[in-house]
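Engineer: What follows is input16.cif, made up of mmCIF, C-alpha atoms:
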```cif
data_query
#
loop_
_atom_site.label_atom_id
_atom_site.label_comp_id
_atom_site.auth_asym_id
_atom_site.auth_seq_id
_atom_site.Cartn_x
_atom_site.Cartn_y
_atom_site.Cartn_z
CA MET Z 14 245.42 76.39 -43.57
CA THR Z 15 248.43 77.51 -45.55
CA THR Z 16 251.78 75.91 -45.03
CA TYR Z 17 254.99 77.73 -44.14
CA LYS Z 18 256.28 77.23 -47.68
CA GLN Z 19 253.16 78.81 -49.19
CA GLN Z 20 253.43 81.80 -46.85
CA LYS Z 21 257.06 82.40 -47.86
CA GLU Z 22 256.21 82.21 -51.57
CA LYS Z 23 253.80 85.16 -51.21
CA LYS Z 24 256.01 87.29 -48.97
CA LYS Z 25 257.27 90.64 -50.33
CA THR Z 26 259.97 92.97 -49.00
CA TYR Z 27 260.23 96.72 -49.51
CA VAL Z 28 263.69 98.06 -50.37
CA LEU Z 29 264.54 101.74 -49.86
CA LEU Z 30 267.21 103.33 -52.07
CA LYS Z 31 268.73 106.78 -52.22
CA ASN Z 32 270.69 107.55 -55.38
CA CYS Z 33 270.97 103.80 -56.10
CA ILE Z 34 272.42 103.09 -52.63
CA VAL Z 35 270.41 100.66 -50.50
CA LEU Z 36 269.38 102.22 -47.19
CA GLY Z 37 267.47 99.21 -45.93
CA ALA Z 38 265.00 96.39 -46.49
CA PHE Z 39 261.72 96.50 -44.60
CA GLY Z 40 258.76 94.22 -44.10
CA ASN Z 41 256.15 96.96 -44.36
CA LEU Z 42 255.74 100.56 -45.45
CA LYS Z 43 255.18 101.87 -41.93
CA LYS Z 44 258.74 100.85 -40.96
CA ILE Z 45 260.10 102.82 -43.92
CA CYS Z 46 258.24 105.93 -42.79
CA GLU Z 47 259.52 105.51 -39.22
CA PHE Z 48 263.07 105.07 -40.53
CA MET Z 49 262.77 108.23 -42.65
CA GLU Z 50 261.30 110.33 -39.83
CA GLY Z 51 262.97 113.74 -39.81
CA ASN Z 52 263.91 113.50 -43.49
CA ASP Z 53 261.95 114.93 -46.39
CA PHE Z 54 259.85 111.90 -47.39
CA TYR Z 55 256.21 110.89 -47.88
CA SER Z 56 254.02 110.35 -44.84
CA TYR Z 57 252.61 106.89 -44.17
CA ASN Z 58 249.10 108.00 -45.18
CA THR Z 59 250.42 109.12 -48.56
CA ILE Z 60 252.66 106.16 -49.30
CA ILE Z 61 250.02 103.48 -48.65
CA ARG Z 62 247.82 104.96 -51.38
CA LYS Z 63 250.49 104.46 -54.03
CA LYS Z 64 249.66 101.38 -56.10
CA GLU Z 65 252.53 101.29 -58.60
CA PHE Z 66 256.09 100.39 -57.72
CA PRO Z 67 258.74 101.72 -57.64
CA ILE Z 68 257.56 104.67 -55.60
CA GLN Z 69 259.79 107.65 -56.42
CA TYR Z 70 260.21 110.79 -54.38
CA ARG Z 71 263.15 113.10 -55.10
CA ASP Z 72 266.31 110.97 -54.67
CA TYR Z 73 264.46 108.11 -52.95
CA LYS Z 74 262.93 104.99 -54.49
CA VAL Z 75 260.95 102.21 -52.83
CA PHE Z 76 260.83 98.85 -54.61
CA LYS Z 77 258.62 95.89 -53.75
CA VAL Z 78 260.61 92.70 -54.30
CA LYS Z 79 260.00 89.02 -53.75
CA HIS Z 80 261.43 87.61 -50.53
CA TYR Z 81 264.00 84.87 -51.09
#
```
What is this file in structure tokens?

Structural biologist:
Amino acid sequence: MTTYKQQKEKKKTYVLLKNCIVLGAFGNLKKICEFMEGNDFYSYNTIIRKKEFPIQYRDYKVFKVKHY
């Protein structure tokens, strides 16, 4: 069984930016897609297939950062 400290060391957060302005920090990609609903952005099925970060789409960028 992993300890709480080990779980936190592996945790990652997704940060959504538009033109270098932070729109939010999310725990998973599905929350980003729900937040961007109605805007011109990737669908969840498209974004989960992306393997390299940052994910760029028009003025938006999604970074995967270590949780502190």

Engineer: I'd like to know which of Z:Met14, Z:Phe66, Z:Ile61, Z:Tyr73 is closest to Met49 in chain Z, using only C-alpha atoms.

Structural biologist: Z:Tyr73

Engineer: Which residues fall under the PyMOL selection byres ((chain Z and resi 68) around 12) in this file, as a ChimeraX atom specification?

Structural biologist: /Z:27-31,42,54-55,59-67,69-77

Engineer: At what distance in Å, to one decimal, does CA of Thr26 in chain Z lie from CA of Gly40 in chain Z?

Structural biologist: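 Separation of CA of Gly40 in chain Z and CA of Thr26 in chain Z: 5.2 Å.
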
Engineer: So what do you get for CA of Ile34 in chain Z versus CA of Phe48 in chain Z, distance-wise?

Structural biologist: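 That distance, rounded to one decimal, is 15.4 Å.
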
Engineer: Which value, in Å to one decimal, gives the distance between CA of Asn32 in chain Z and CA of His80 in chain Z?

Structural biologist: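 Distance reported for this atom pair: 22.5 Å.
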
Engineer: I need the output of the PyMOL selection byres ((chain Z and resi 24) around 9) for this file as a ChimeraX atom specification; which residues are they?

Structural biologist: /Z:19-23,25-26,40,78-81

Engineer: Grab the residues selected above and save them as a short mmCIF file (atom, residue, chain, number, x, y, z; two decimals), in the coordinates of the input with C-alpha atoms.

Structural biologist:
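Saved as selection05.cif:
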```cif
data_model
loop_
_atom_site.label_atom_id
_atom_site.label_comp_id
_atom_site.auth_asym_id
_atom_site.auth_seq_id
_atom_site.Cartn_x
_atom_site.Cartn_y
_atom_site.Cartn_z
CA GLN Z 19 253.16 78.81 -49.19
CA GLN Z 20 253.43 81.80 -46.85
CA LYS Z 21 257.06 82.40 -47.86
CA GLU Z 22 256.21 82.21 -51.57
CA LYS Z 23 253.80 85.16 -51.21
CA LYS Z 25 257.27 90.64 -50.33
CA THR Z 26 259.97 92.97 -49.00
CA GLY Z 40 258.76 94.22 -44.10
CA VAL Z 78 260.61 92.70 -54.30
CA LYS Z 79 260.00 89.02 -53.75
CA HIS Z 80 261.43 87.61 -50.53
CA TYR Z 81 264.00 84.87 -51.09
#
```
